[in-house]
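Working notes for the structure below.
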Amino acid sequence: MRQALVLSNKVVAGILTETDDMHYIFKYNDEYLINPELRAISLAFPKRKEEYISDELFPFFFNMLSEGANKAIQCMTLKIDEKDSFGLLLATAKHDTIGAITIEKL
């Protein structure tokens, strides 16, 4: 099992988990949920107490990854299998992201 903190403008919004059986779970942090000034991380993830569960990496997070030649270079440099989207997300989405959302390995 691998996990990551999901931050919105450097505030912990929740935890993203890849389970051992290749399912993905996103759950909002309780403090983030109760603060009305903090917005949902995406329209695809309205604030709620229940977990979001998927059989594949959620498109919102997948779309944070590089594609094509950039992805190939990142994978070669970081020694990450090109099919390991979660691993690539953990390795690259801490700093070089577009927008307010960043990912930090737990």
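Just so we're on the same page: first chain in the structure tokens is A, next is B, and so on; residues restart at 1 for each chain, and ligands are numbered from 1 in the order they show up.
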
Within 8 Å of segment 18-21 of chain A, counting only C-alpha atoms, which residues show up once you throw out same-chain ones fewer than 2 positions away? Write them as a CSV table (one decimal) with N, CA, C and O atoms, in the first residue's frame, please.
chain,number,residue,atom,x,y,z
A,1,MET,N,0.8,-1.2,0.0
A,1,MET,CA,0.0,0.0,0.0
A,1,MET,C,0.9,1.2,0.0
A,1,MET,O,1.9,1.3,0.7
A,2,ARG,N,0.5,2.2,-0.9
A,2,ARG,CA,1.3,3.5,-0.9
A,2,ARG,C,0.3,4.6,-0.7
A,2,ARG,O,-0.9,4.5,-1.1
A,3,GLN,N,0.7,5.6,0.0
A,3,GLN,CA,-0.1,6.8,0.3
A,3,GLN,C,0.6,8.1,0.1
A,3,GLN,O,1.8,8.2,0.1
A,16,LEU,N,-4.5,10.3,-0.4
A,16,LEU,CA,-4.7,9.4,-1.6
A,16,LEU,C,-4.0,8.1,-1.3
A,16,LEU,O,-2.8,8.1,-1.0
A,23,HIS,N,-6.5,-0.7,-6.0
A,23,HIS,CA,-7.6,0.2,-5.9
A,23,HIS,C,-7.1,1.5,-5.4
A,23,HIS,O,-6.1,1.6,-4.8
A,24,TYR,N,-7.9,2.6,-5.7
A,24,TYR,CA,-7.4,3.9,-5.3
A,24,TYR,C,-8.5,4.5,-4.4
A,24,TYR,O,-9.7,4.4,-4.7
A,25,ILE,N,-8.1,5.2,-3.4
A,25,ILE,CA,-9.0,5.8,-2.4
A,25,ILE,C,-8.6,7.2,-2.1
A,25,ILE,O,-7.4,7.4,-1.9
A,86,PHE,N,1.0,5.9,-10.2
A,86,PHE,CA,1.0,6.3,-8.8
A,86,PHE,C,2.4,6.7,-8.4
A,86,PHE,O,2.7,7.7,-7.7

Tell me which protein, DNA and RNA residues are within 12 Å of Gly14 of chain A, counting only C-alpha atoms, leaving out same-chain ones fewer than 6 positions away, and put them as a PDB file with all heavy atoms, in the first residue's frame.
ATOM      1  N   GLN A   3       0.746   5.638   0.012  1.00  0.00           N
ATOM      2  CA  GLN A   3      -0.124   6.753   0.331  1.00  0.00           C
ATOM      3  C   GLN A   3       0.561   8.078   0.057  1.00  0.00           C
ATOM      4  O   GLN A   3       1.796   8.171   0.082  1.00  0.00           O
ATOM      5  CB  GLN A   3      -0.550   6.720   1.800  1.00  0.00           C
ATOM      6  CG  GLN A   3      -1.463   5.566   2.140  1.00  0.00           C
ATOM      7  CD  GLN A   3      -2.002   5.696   3.546  1.00  0.00           C
ATOM      8  OE1 GLN A   3      -1.240   5.842   4.486  1.00  0.00           O
ATOM      9  NE2 GLN A   3      -3.321   5.644   3.673  1.00  0.00           N
ATOM     10  N   ALA A   4      -0.266   9.091  -0.145  1.00  0.00           N
ATOM     11  CA  ALA A   4       0.245  10.434  -0.380  1.00  0.00           C
ATOM     12  C   ALA A   4      -0.688  11.457   0.239  1.00  0.00           C
ATOM     13  O   ALA A   4      -1.905  11.262   0.285  1.00  0.00           O
ATOM     14  CB  ALA A   4       0.362  10.696  -1.878  1.00  0.00           C
ATOM     15  N   LEU A   5      -0.095  12.536   0.715  1.00  0.00           N
ATOM     16  CA  LEU A   5      -0.878  13.681   1.148  1.00  0.00           C
ATOM     17  C   LEU A   5      -1.279  14.470  -0.089  1.00  0.00           C
ATOM     18  O   LEU A   5      -0.455  14.667  -0.985  1.00  0.00           O
ATOM     19  CB  LEU A   5      -0.063  14.591   2.060  1.00  0.00           C
ATOM     20  CG  LEU A   5       0.298  14.065   3.438  1.00  0.00           C
ATOM     21  CD1 LEU A   5       1.193  15.074   4.150  1.00  0.00           C
ATOM     22  CD2 LEU A   5      -0.957  13.803   4.254  1.00  0.00           C
ATOM     23  N   VAL A   6      -2.499  14.914  -0.122  1.00  0.00           N
ATOM     24  CA  VAL A   6      -2.971  15.789  -1.186  1.00  0.00           C
ATOM     25  C   VAL A   6      -3.117  17.168  -0.552  1.00  0.00           C
ATOM     26  O   VAL A   6      -3.868  17.340   0.408  1.00  0.00           O
ATOM     27  CB  VAL A   6      -4.319  15.307  -1.759  1.00  0.00           C
ATOM     28  CG1 VAL A   6      -4.834  16.273  -2.808  1.00  0.00           C
ATOM     29  CG2 VAL A   6      -4.172  13.898  -2.334  1.00  0.00           C
ATOM     30  N   LEU A   7      -2.361  18.130  -1.074  1.00  0.00           N
ATOM     31  CA  LEU A   7      -2.385  19.480  -0.531  1.00  0.00           C
ATOM     32  C   LEU A   7      -3.032  20.447  -1.517  1.00  0.00           C
ATOM     33  O   LEU A   7      -2.827  20.328  -2.724  1.00  0.00           O
ATOM     34  CB  LEU A   7      -0.962  19.949  -0.222  1.00  0.00           C
ATOM     35  CG  LEU A   7      -0.274  19.182   0.899  1.00  0.00           C
ATOM     36  CD1 LEU A   7       0.563  18.073   0.332  1.00  0.00           C
ATOM     37  CD2 LEU A   7       0.579  20.105   1.721  1.00  0.00           C
ATOM     38  N   SER A   8      -3.772  21.369  -0.965  1.00  0.00           N
ATOM     39  CA  SER A   8      -4.377  22.435  -1.756  1.00  0.00           C
ATOM     40  C   SER A   8      -3.839  23.751  -1.205  1.00  0.00           C
ATOM     41  O   SER A   8      -4.084  24.086  -0.043  1.00  0.00           O
ATOM     42  CB  SER A   8      -5.901  22.384  -1.643  1.00  0.00           C
ATOM     43  OG  SER A   8      -6.477  23.442  -2.368  1.00  0.00           O
ATOM     44  N   ILE A  25      -8.097   5.164  -3.353  1.00  0.00           N
ATOM     45  CA  ILE A  25      -9.028   5.774  -2.402  1.00  0.00           C
ATOM     46  C   ILE A  25      -8.562   7.203  -2.137  1.00  0.00           C
ATOM     47  O   ILE A  25      -7.382   7.440  -1.883  1.00  0.00           O
ATOM     48  CB  ILE A  25      -9.046   4.992  -1.071  1.00  0.00           C
ATOM     49  CG1 ILE A  25      -9.460   3.539  -1.308  1.00  0.00           C
ATOM     50  CG2 ILE A  25      -9.966   5.675  -0.057  1.00  0.00           C
ATOM     51  CD1 ILE A  25      -9.204   2.625  -0.124  1.00  0.00           C
ATOM     52  N   PHE A  26      -9.505   8.135  -2.212  1.00  0.00           N
ATOM     53  CA  PHE A  26      -9.217   9.496  -1.762  1.00  0.00           C
ATOM     54  C   PHE A  26     -10.177   9.820  -0.640  1.00  0.00           C
ATOM     55  O   PHE A  26     -11.388   9.603  -0.757  1.00  0.00           O
ATOM     56  CB  PHE A  26      -9.369  10.531  -2.879  1.00  0.00           C
ATOM     57  CG  PHE A  26      -9.231  11.938  -2.347  1.00  0.00           C
ATOM     58  CD1 PHE A  26      -7.996  12.415  -1.954  1.00  0.00           C
ATOM     59  CD2 PHE A  26     -10.346  12.748  -2.200  1.00  0.00           C
ATOM     60  CE1 PHE A  26      -7.868  13.697  -1.413  1.00  0.00           C
ATOM     61  CE2 PHE A  26     -10.233  14.024  -1.671  1.00  0.00           C
ATOM     62  CZ  PHE A  26      -8.986  14.499  -1.275  1.00  0.00           C
ATOM     63  N   LYS A  27      -9.633  10.341   0.454  1.00  0.00           N
ATOM     64  CA  LYS A  27     -10.458  10.728   1.607  1.00  0.00           C
ATOM     65  C   LYS A  27     -10.010  12.097   2.093  1.00  0.00           C
ATOM     66  O   LYS A  27      -8.829  12.330   2.310  1.00  0.00           O
ATOM     67  CB  LYS A  27     -10.336   9.706   2.732  1.00  0.00           C
ATOM     68  CG  LYS A  27     -11.206  10.043   3.938  1.00  0.00           C
ATOM     69  CD  LYS A  27     -11.316   8.873   4.877  1.00  0.00           C
ATOM     70  CE  LYS A  27     -12.147   9.133   6.115  1.00  0.00           C
ATOM     71  NZ  LYS A  27     -13.194  10.077   6.066  1.00  0.00           N
ATOM     72  N   TYR A  28     -10.982  12.991   2.251  1.00  0.00           N
ATOM     73  CA  TYR A  28     -10.695  14.319   2.767  1.00  0.00           C
ATOM     74  C   TYR A  28     -10.295  14.251   4.241  1.00  0.00           C
ATOM     75  O   TYR A  28     -10.821  13.444   5.007  1.00  0.00           O
ATOM     76  CB  TYR A  28     -11.914  15.239   2.642  1.00  0.00           C
ATOM     77  CG  TYR A  28     -12.058  15.900   1.300  1.00  0.00           C
ATOM     78  CD1 TYR A  28     -13.003  15.456   0.387  1.00  0.00           C
ATOM     79  CD2 TYR A  28     -11.246  16.974   0.947  1.00  0.00           C
ATOM     80  CE1 TYR A  28     -13.143  16.073  -0.846  1.00  0.00           C
ATOM     81  CE2 TYR A  28     -11.369  17.594  -0.293  1.00  0.00           C
ATOM     82  CZ  TYR A  28     -12.316  17.140  -1.182  1.00  0.00           C
ATOM     83  OH  TYR A  28     -12.446  17.744  -2.401  1.00  0.00           O
ATOM     84  N   ASN A  29      -9.406  15.142   4.625  1.00  0.00           N
ATOM     85  CA  ASN A  29      -9.004  15.345   6.010  1.00  0.00           C
ATOM     86  C   ASN A  29     -10.187  15.986   6.747  1.00  0.00           C
ATOM     87  O   ASN A  29     -10.834  16.895   6.215  1.00  0.00           O
ATOM     88  CB  ASN A  29      -7.772  16.270   5.993  1.00  0.00           C
ATOM     89  CG  ASN A  29      -7.273  16.619   7.354  1.00  0.00           C
ATOM     90  OD1 ASN A  29      -8.014  17.140   8.168  1.00  0.00           O
ATOM     91  ND2 ASN A  29      -6.016  16.353   7.594  1.00  0.00           N
ATOM     92  N   ASP A  30     -10.473  15.546   7.974  1.00  0.00           N
ATOM     93  CA  ASP A  30     -11.620  16.063   8.732  1.00  0.00           C
ATOM     94  C   ASP A  30     -11.549  17.574   8.943  1.00  0.00           C
ATOM     95  O   ASP A  30     -12.558  18.267   8.814  1.00  0.00           O
ATOM     96  CB  ASP A  30     -11.738  15.357  10.087  1.00  0.00           C
ATOM     97  CG  ASP A  30     -12.211  13.919   9.955  1.00  0.00           C
ATOM     98  OD1 ASP A  30     -12.839  13.580   8.922  1.00  0.00           O
ATOM     99  OD2 ASP A  30     -11.951  13.126  10.878  1.00  0.00           O
ATOM    100  N   GLU A  31     -10.367  18.088   9.278  1.00  0.00           N
ATOM    101  CA  GLU A  31     -10.228  19.532   9.502  1.00  0.00           C
ATOM    102  C   GLU A  31     -10.492  20.322   8.222  1.00  0.00           C
ATOM    103  O   GLU A  31     -11.052  21.407   8.245  1.00  0.00           O
ATOM    104  CB  GLU A  31      -8.826  19.879  10.044  1.00  0.00           C
ATOM    105  CG  GLU A  31      -8.567  19.391  11.458  1.00  0.00           C
ATOM    106  CD  GLU A  31      -8.135  17.945  11.517  1.00  0.00           C
ATOM    107  OE1 GLU A  31      -7.514  17.443  10.554  1.00  0.00           O
ATOM    108  OE2 GLU A  31      -8.427  17.297  12.542  1.00  0.00           O
ATOM    109  N   TYR A  32     -10.067  19.754   7.100  1.00  0.00           N
ATOM    110  CA  TYR A  32     -10.295  20.408   5.812  1.00  0.00           C
ATOM    111  C   TYR A  32     -11.790  20.452   5.509  1.00  0.00           C
ATOM    112  O   TYR A  32     -12.307  21.454   5.038  1.00  0.00           O
ATOM    113  CB  TYR A  32      -9.531  19.661   4.715  1.00  0.00           C
ATOM    114  CG  TYR A  32      -9.412  20.425   3.421  1.00  0.00           C
ATOM    115  CD1 TYR A  32      -8.332  21.266   3.203  1.00  0.00           C
ATOM    116  CD2 TYR A  32     -10.368  20.305   2.426  1.00  0.00           C
ATOM    117  CE1 TYR A  32      -8.209  21.983   2.015  1.00  0.00           C
ATOM    118  CE2 TYR A  32     -10.263  21.005   1.236  1.00  0.00           C
ATOM    119  CZ  TYR A  32      -9.185  21.847   1.039  1.00  0.00           C
ATOM    120  OH  TYR A  32      -9.076  22.558  -0.130  1.00  0.00           O
ATOM    121  N   LEU A  33     -12.458  19.339   5.801  1.00  0.00           N
ATOM    122  CA  LEU A  33     -13.903  19.247   5.525  1.00  0.00           C
ATOM    123  C   LEU A  33     -14.717  20.287   6.279  1.00  0.00           C
ATOM    124  O   LEU A  33     -15.638  20.876   5.715  1.00  0.00           O
ATOM    125  CB  LEU A  33     -14.430  17.864   5.903  1.00  0.00           C
ATOM    126  CG  LEU A  33     -14.346  16.763   4.878  1.00  0.00           C
ATOM    127  CD1 LEU A  33     -14.830  15.456   5.476  1.00  0.00           C
ATOM    128  CD2 LEU A  33     -15.120  17.100   3.630  1.00  0.00           C
ATOM    129  N   ALA A  40     -13.334  22.520  -2.291  1.00  0.00           N
ATOM    130  CA  ALA A  40     -13.061  21.162  -2.772  1.00  0.00           C
ATOM    131  C   ALA A  40     -11.839  21.206  -3.694  1.00  0.00           C
ATOM    132  O   ALA A  40     -11.596  22.218  -4.362  1.00  0.00           O
ATOM    133  CB  ALA A  40     -14.263  20.622  -3.517  1.00  0.00           C
ATOM    134  N   ILE A  41     -11.077  20.113  -3.744  1.00  0.00           N
ATOM    135  CA  ILE A  41      -9.880  20.105  -4.587  1.00  0.00           C
ATOM    136  C   ILE A  41     -10.231  20.115  -6.064  1.00  0.00           C
ATOM    137  O   ILE A  41      -9.418  20.484  -6.901  1.00  0.00           O
ATOM    138  CB  ILE A  41      -8.939  18.924  -4.259  1.00  0.00           C
ATOM    139  CG1 ILE A  41      -9.629  17.586  -4.504  1.00  0.00           C
ATOM    140  CG2 ILE A  41      -8.422  19.030  -2.835  1.00  0.00           C
ATOM    141  CD1 ILE A  41      -8.682  16.401  -4.527  1.00  0.00           C
ATOM    142  N   PHE A  45     -14.409  16.024  -7.027  1.00  0.00           N
ATOM    143  CA  PHE A  45     -14.311  15.597  -5.632  1.00  0.00           C
ATOM    144  C   PHE A  45     -14.979  16.609  -4.708  1.00  0.00           C
ATOM    145  O   PHE A  45     -14.305  17.292  -3.930  1.00  0.00           O
ATOM    146  CB  PHE A  45     -12.841  15.435  -5.214  1.00  0.00           C
ATOM    147  CG  PHE A  45     -12.128  14.303  -5.870  1.00  0.00           C
ATOM    148  CD1 PHE A  45     -11.258  14.540  -6.920  1.00  0.00           C
ATOM    149  CD2 PHE A  45     -12.315  12.999  -5.454  1.00  0.00           C
ATOM    150  CE1 PHE A  45     -10.582  13.499  -7.540  1.00  0.00           C
ATOM    151  CE2 PHE A  45     -11.650  11.948  -6.064  1.00  0.00           C
ATOM    152  CZ  PHE A  45     -10.792  12.202  -7.112  1.00  0.00           C
ATOM    153  N   LYS A  47     -16.589  18.163  -1.501  1.00  0.00           N
ATOM    154  CA  LYS A  47     -16.269  17.841  -0.112  1.00  0.00           C
ATOM    155  C   LYS A  47     -17.350  16.929   0.465  1.00  0.00           C
ATOM    156  O   LYS A  47     -18.539  17.222   0.379  1.00  0.00           O
ATOM    157  CB  LYS A  47     -16.138  19.119   0.705  1.00  0.00           C
ATOM    158  CG  LYS A  47     -14.862  19.888   0.379  1.00  0.00           C
ATOM    159  CD  LYS A  47     -14.820  21.264   1.007  1.00  0.00           C
ATOM    160  CE  LYS A  47     -14.567  21.227   2.474  1.00  0.00           C
ATOM    161  NZ  LYS A  47     -14.383  22.595   3.039  1.00  0.00           N
ATOM    162  N   ARG A  48     -16.905  15.806   1.046  1.00  0.00           N
ATOM    163  CA  ARG A  48     -17.808  14.873   1.719  1.00  0.00           C
ATOM    164  C   ARG A  48     -16.985  13.989   2.642  1.00  0.00           C
ATOM    165  O   ARG A  48     -15.782  13.823   2.453  1.00  0.00           O
ATOM    166  CB  ARG A  48     -18.593  14.013   0.719  1.00  0.00           C
ATOM    167  CG  ARG A  48     -17.758  12.994  -0.026  1.00  0.00           C
ATOM    168  CD  ARG A  48     -18.599  12.155  -0.969  1.00  0.00           C
ATOM    169  NE  ARG A  48     -17.862  10.956  -1.376  1.00  0.00           N
ATOM    170  CZ  ARG A  48     -18.248  10.153  -2.329  1.00  0.00           C
ATOM    171  NH1 ARG A  48     -19.368  10.387  -2.993  1.00  0.00           N
ATOM    172  NH2 ARG A  48     -17.536   9.088  -2.641  1.00  0.00           N
ATOM    173  N   LYS A  49     -17.636  13.424   3.626  1.00  0.00           N
ATOM    174  CA  LYS A  49     -16.957  12.566   4.594  1.00  0.00           C
ATOM    175  C   LYS A  49     -16.604  11.188   4.015  1.00  0.00           C
ATOM    176  O   LYS A  49     -15.585  10.613   4.362  1.00  0.00           O
ATOM    177  CB  LYS A  49     -17.851  12.384   5.821  1.00  0.00           C
ATOM    178  CG  LYS A  49     -17.163  12.721   7.108  1.00  0.00           C
ATOM    179  CD  LYS A  49     -18.124  12.573   8.263  1.00  0.00           C
ATOM    180  CE  LYS A  49     -17.519  12.636   9.614  1.00  0.00           C
ATOM    181  NZ  LYS A  49     -16.230  13.147   9.800  1.00  0.00           N
ATOM    182  N   GLU A  50     -17.429  10.679   3.126  1.00  0.00           N
ATOM    183  CA  GLU A  50     -17.211   9.343   2.559  1.00  0.00           C
ATOM    184  C   GLU A  50     -15.996   9.345   1.630  1.00  0.00           C
ATOM    185  O   GLU A  50     -15.690  10.333   0.989  1.00  0.00           O
ATOM    186  CB  GLU A  50     -18.430   8.871   1.765  1.00  0.00           C
ATOM    187  CG  GLU A  50     -19.695   8.722   2.586  1.00  0.00           C
ATOM    188  CD  GLU A  50     -20.403  10.054   2.805  1.00  0.00           C
ATOM    189  OE1 GLU A  50     -20.223  10.983   2.017  1.00  0.00           O
ATOM    190  OE2 GLU A  50     -21.125  10.164   3.807  1.00  0.00           O
ATOM    191  N   GLU A  51     -15.349   8.194   1.564  1.00  0.00           N
ATOM    192  CA  GLU A  51     -14.203   8.021   0.675  1.00  0.00           C
ATOM    193  C   GLU A  51     -14.651   7.948  -0.778  1.00  0.00           C
ATOM    194  O   GLU A  51     -15.748   7.482  -1.070  1.00  0.00           O
ATOM    195  CB  GLU A  51     -13.484   6.698   0.994  1.00  0.00           C
ATOM    196  CG  GLU A  51     -12.932   6.610   2.380  1.00  0.00           C
ATOM    197  CD  GLU A  51     -12.363   5.220   2.677  1.00  0.00           C
ATOM    198  OE1 GLU A  51     -12.816   4.215   2.077  1.00  0.00           O
ATOM    199  OE2 GLU A  51     -11.457   5.147   3.517  1.00  0.00           O
ATOM    200  N   TYR A  52     -13.769   8.371  -1.652  1.00  0.00           N
ATOM    201  CA  TYR A  52     -13.935   8.140  -3.089  1.00  0.00           C
ATOM    202  C   TYR A  52     -13.092   6.910  -3.418  1.00  0.00           C
ATOM    203  O   TYR A  52     -11.932   6.819  -2.999  1.00  0.00           O
ATOM    204  CB  TYR A  52     -13.432   9.337  -3.897  1.00  0.00           C
ATOM    205  CG  TYR A  52     -14.301  10.553  -3.763  1.00  0.00           C
ATOM    206  CD1 TYR A  52     -14.080  11.484  -2.751  1.00  0.00           C
ATOM    207  CD2 TYR A  52     -15.356  10.764  -4.648  1.00  0.00           C
ATOM    208  CE1 TYR A  52     -14.887  12.609  -2.630  1.00  0.00           C
ATOM    209  CE2 TYR A  52     -16.164  11.889  -4.533  1.00  0.00           C
ATOM    210  CZ  TYR A  52     -15.922  12.801  -3.518  1.00  0.00           C
ATOM    211  OH  TYR A  52     -16.718  13.911  -3.402  1.00  0.00           O
ATOM    212  N   ILE A 101      -2.948  22.210  -6.453  1.00  0.00           N
ATOM    213  CA  ILE A 101      -2.837  20.869  -5.868  1.00  0.00           C
ATOM    214  C   ILE A 101      -1.429  20.319  -6.028  1.00  0.00           C
ATOM    215  O   ILE A 101      -0.862  20.325  -7.116  1.00  0.00           O
ATOM    216  CB  ILE A 101      -3.849  19.898  -6.512  1.00  0.00           C
ATOM    217  CG1 ILE A 101      -5.279  20.454  -6.407  1.00  0.00           C
ATOM    218  CG2 ILE A 101      -3.757  18.515  -5.874  1.00  0.00           C
ATOM    219  CD1 ILE A 101      -5.754  20.732  -4.993  1.00  0.00           C
ATOM    220  N   THR A 102      -0.884  19.840  -4.915  1.00  0.00           N
ATOM    221  CA  THR A 102       0.397  19.134  -4.923  1.00  0.00           C
ATOM    222  C   THR A 102       0.232  17.830  -4.157  1.00  0.00           C
ATOM    223  O   THR A 102      -0.708  17.658  -3.386  1.00  0.00           O
ATOM    224  CB  THR A 102       1.531  19.988  -4.300  1.00  0.00           C
ATOM    225  OG1 THR A 102       1.132  20.400  -2.991  1.00  0.00           O
ATOM    226  CG2 THR A 102       1.854  21.192  -5.161  1.00  0.00           C
ATOM    227  N   ILE A 103       1.174  16.928  -4.392  1.00  0.00           N
ATOM    228  CA  ILE A 103       1.137  15.587  -3.801  1.00  0.00           C
ATOM    229  C   ILE A 103       2.457  15.354  -3.077  1.00  0.00           C
ATOM    230  O   ILE A 103       3.527  15.617  -3.632  1.00  0.00           O
ATOM    231  CB  ILE A 103       0.981  14.502  -4.890  1.00  0.00           C
ATOM    232  CG1 ILE A 103      -0.216  14.792  -5.803  1.00  0.00           C
ATOM    233  CG2 ILE A 103       0.903  13.108  -4.275  1.00  0.00           C
ATOM    234  CD1 ILE A 103      -1.556  14.731  -5.153  1.00  0.00           C
ATOM    235  N   GLU A 104       2.385  14.859  -1.843  1.00  0.00           N
ATOM    236  CA  GLU A 104       3.597  14.522  -1.087  1.00  0.00           C
ATOM    237  C   GLU A 104       3.501  13.087  -0.600  1.00  0.00           C
ATOM    238  O   GLU A 104       2.506  12.697  -0.016  1.00  0.00           O
ATOM    239  CB  GLU A 104       3.761  15.452   0.124  1.00  0.00           C
ATOM    240  CG  GLU A 104       4.116  16.859  -0.267  1.00  0.00           C
ATOM    241  CD  GLU A 104       4.417  17.731   0.948  1.00  0.00           C
ATOM    242  OE1 GLU A 104       4.613  17.181   2.069  1.00  0.00           O
ATOM    243  OE2 GLU A 104       4.450  18.958   0.782  1.00  0.00           O
ATOM    244  N   LEU A 106       3.720   9.918   1.579  1.00  0.00           N
ATOM    245  CA  LEU A 106       3.603   9.661   3.027  1.00  0.00           C
ATOM    246  C   LEU A 106       4.574   8.587   3.450  1.00  0.00           C
ATOM    247  O   LEU A 106       4.894   7.698   2.723  1.00  0.00           O
ATOM    248  CB  LEU A 106       2.195   9.195   3.371  1.00  0.00           C
ATOM    249  CG  LEU A 106       1.280  10.215   4.007  1.00  0.00           C
ATOM    250  CD1 LEU A 106      -0.104   9.665   4.240  1.00  0.00           C
ATOM    251  CD2 LEU A 106       1.830  10.817   5.241  1.00  0.00           C
TER     252      LEU A 106
END

Those of chain A in DSSP strand (DSSP E or B), formatted as an MDAnalysis selection string: chainID A and resid 2:8 11:18 24:28 42 45 52:54 101:105

Residue set, chain A restricted to helix (DSSP H, G or I), as a list of chain:residue names: A:Asp30, A:Glu31, A:Tyr32, A:Leu33, A:Ile34, A:Pro59, A:Phe60, A:Phe61, A:Phe62, A:Gly68, A:Ala69, A:Asn70, A:Lys71, A:Ala72, A:Ile73, A:Gln74, A:Cys75, A:Met76, A:Thr77, A:Leu78, A:Ser85, A:Phe86, A:Gly87, A:Leu88, A:Leu89, A:Leu90, A:Ala91, A:Thr92

Separation of atom CA of Thr77 of chain A from atom CA of Phe61 of chain A in Å: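 Atom-to-atom, atom CA of Phe61 of chain A to atom CA of Thr77 of chain A, that is 21.1 Å.
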
Point-to-point distance from atom CA of Leu89 of chain A to atom CA of Leu65 of chain A, Å rounded to tenths: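 According to the coordinates, atom CA of Leu89 of chain A and atom CA of Leu65 of chain A are separated by 6.4 Å.
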
Counting only C-alpha atoms, the residue of A:Thr17, A:Val11, A:Pro59, A:Ile80 that sits nearest Glu37 of chain A: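 Distance minimum relative to Glu37 of chain A lands on A:Val11.
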
Close residues, Leu78 of chain A itself excluded, 10 Å, only C-alpha atoms, min 3 positions apart in chain, as an MDAnalysis selection string: chainID A and resid 72:75 81 87:88 91:92

Residue subset to file, keeping N, CA and C atoms, as an mmCIF file, in the first residue's frame:
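Ended up saving to again.cif:
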data_model
loop_
_atom_site.group_PDB
_atom_site.id
_atom_site.type_symbol
_atom_site.label_atom_id
_atom_site.label_comp_id
_atom_site.auth_asym_id
_atom_site.auth_seq_id
_atom_site.Cartn_x
_atom_site.Cartn_y
_atom_site.Cartn_z
ATOM 1 N N ALA A 72 8.509 9.850 -20.597
ATOM 2 C CA ALA A 72 9.572 8.869 -20.833
ATOM 3 C C ALA A 72 10.876 9.304 -20.174
ATOM 4 N N ILE A 73 11.198 10.579 -20.299
ATOM 5 C CA ILE A 73 12.431 11.098 -19.689
ATOM 6 C C ILE A 73 12.347 11.034 -18.170
ATOM 7 N N GLN A 74 11.201 11.435 -17.610
ATOM 8 C CA GLN A 74 11.033 11.362 -16.157
ATOM 9 C C GLN A 74 11.172 9.928 -15.656
ATOM 10 N N CYS A 75 10.518 9.002 -16.330
ATOM 11 C CA CYS A 75 10.558 7.600 -15.909
ATOM 12 C C CYS A 75 11.971 7.034 -16.002
ATOM 13 N N ASP A 81 8.785 2.619 -13.673
ATOM 14 C CA ASP A 81 8.101 1.976 -14.794
ATOM 15 C C ASP A 81 7.055 2.940 -15.357
ATOM 16 N N GLY A 87 3.367 5.799 -8.758
ATOM 17 C CA GLY A 87 4.771 6.058 -8.438
ATOM 18 C C GLY A 87 5.274 7.339 -9.078
ATOM 19 N N LEU A 88 4.887 7.569 -10.310
ATOM 20 C CA LEU A 88 5.283 8.787 -11.011
ATOM 21 C C LEU A 88 4.638 10.015 -10.362
ATOM 22 N N ALA A 91 6.547 10.841 -7.277
ATOM 23 C CA ALA A 91 7.881 11.363 -7.553
ATOM 24 C C ALA A 91 7.890 12.758 -8.167
ATOM 25 N N THR A 92 6.808 13.152 -8.819
ATOM 26 C CA THR A 92 6.861 14.401 -9.598
ATOM 27 C C THR A 92 5.859 15.475 -9.201
#
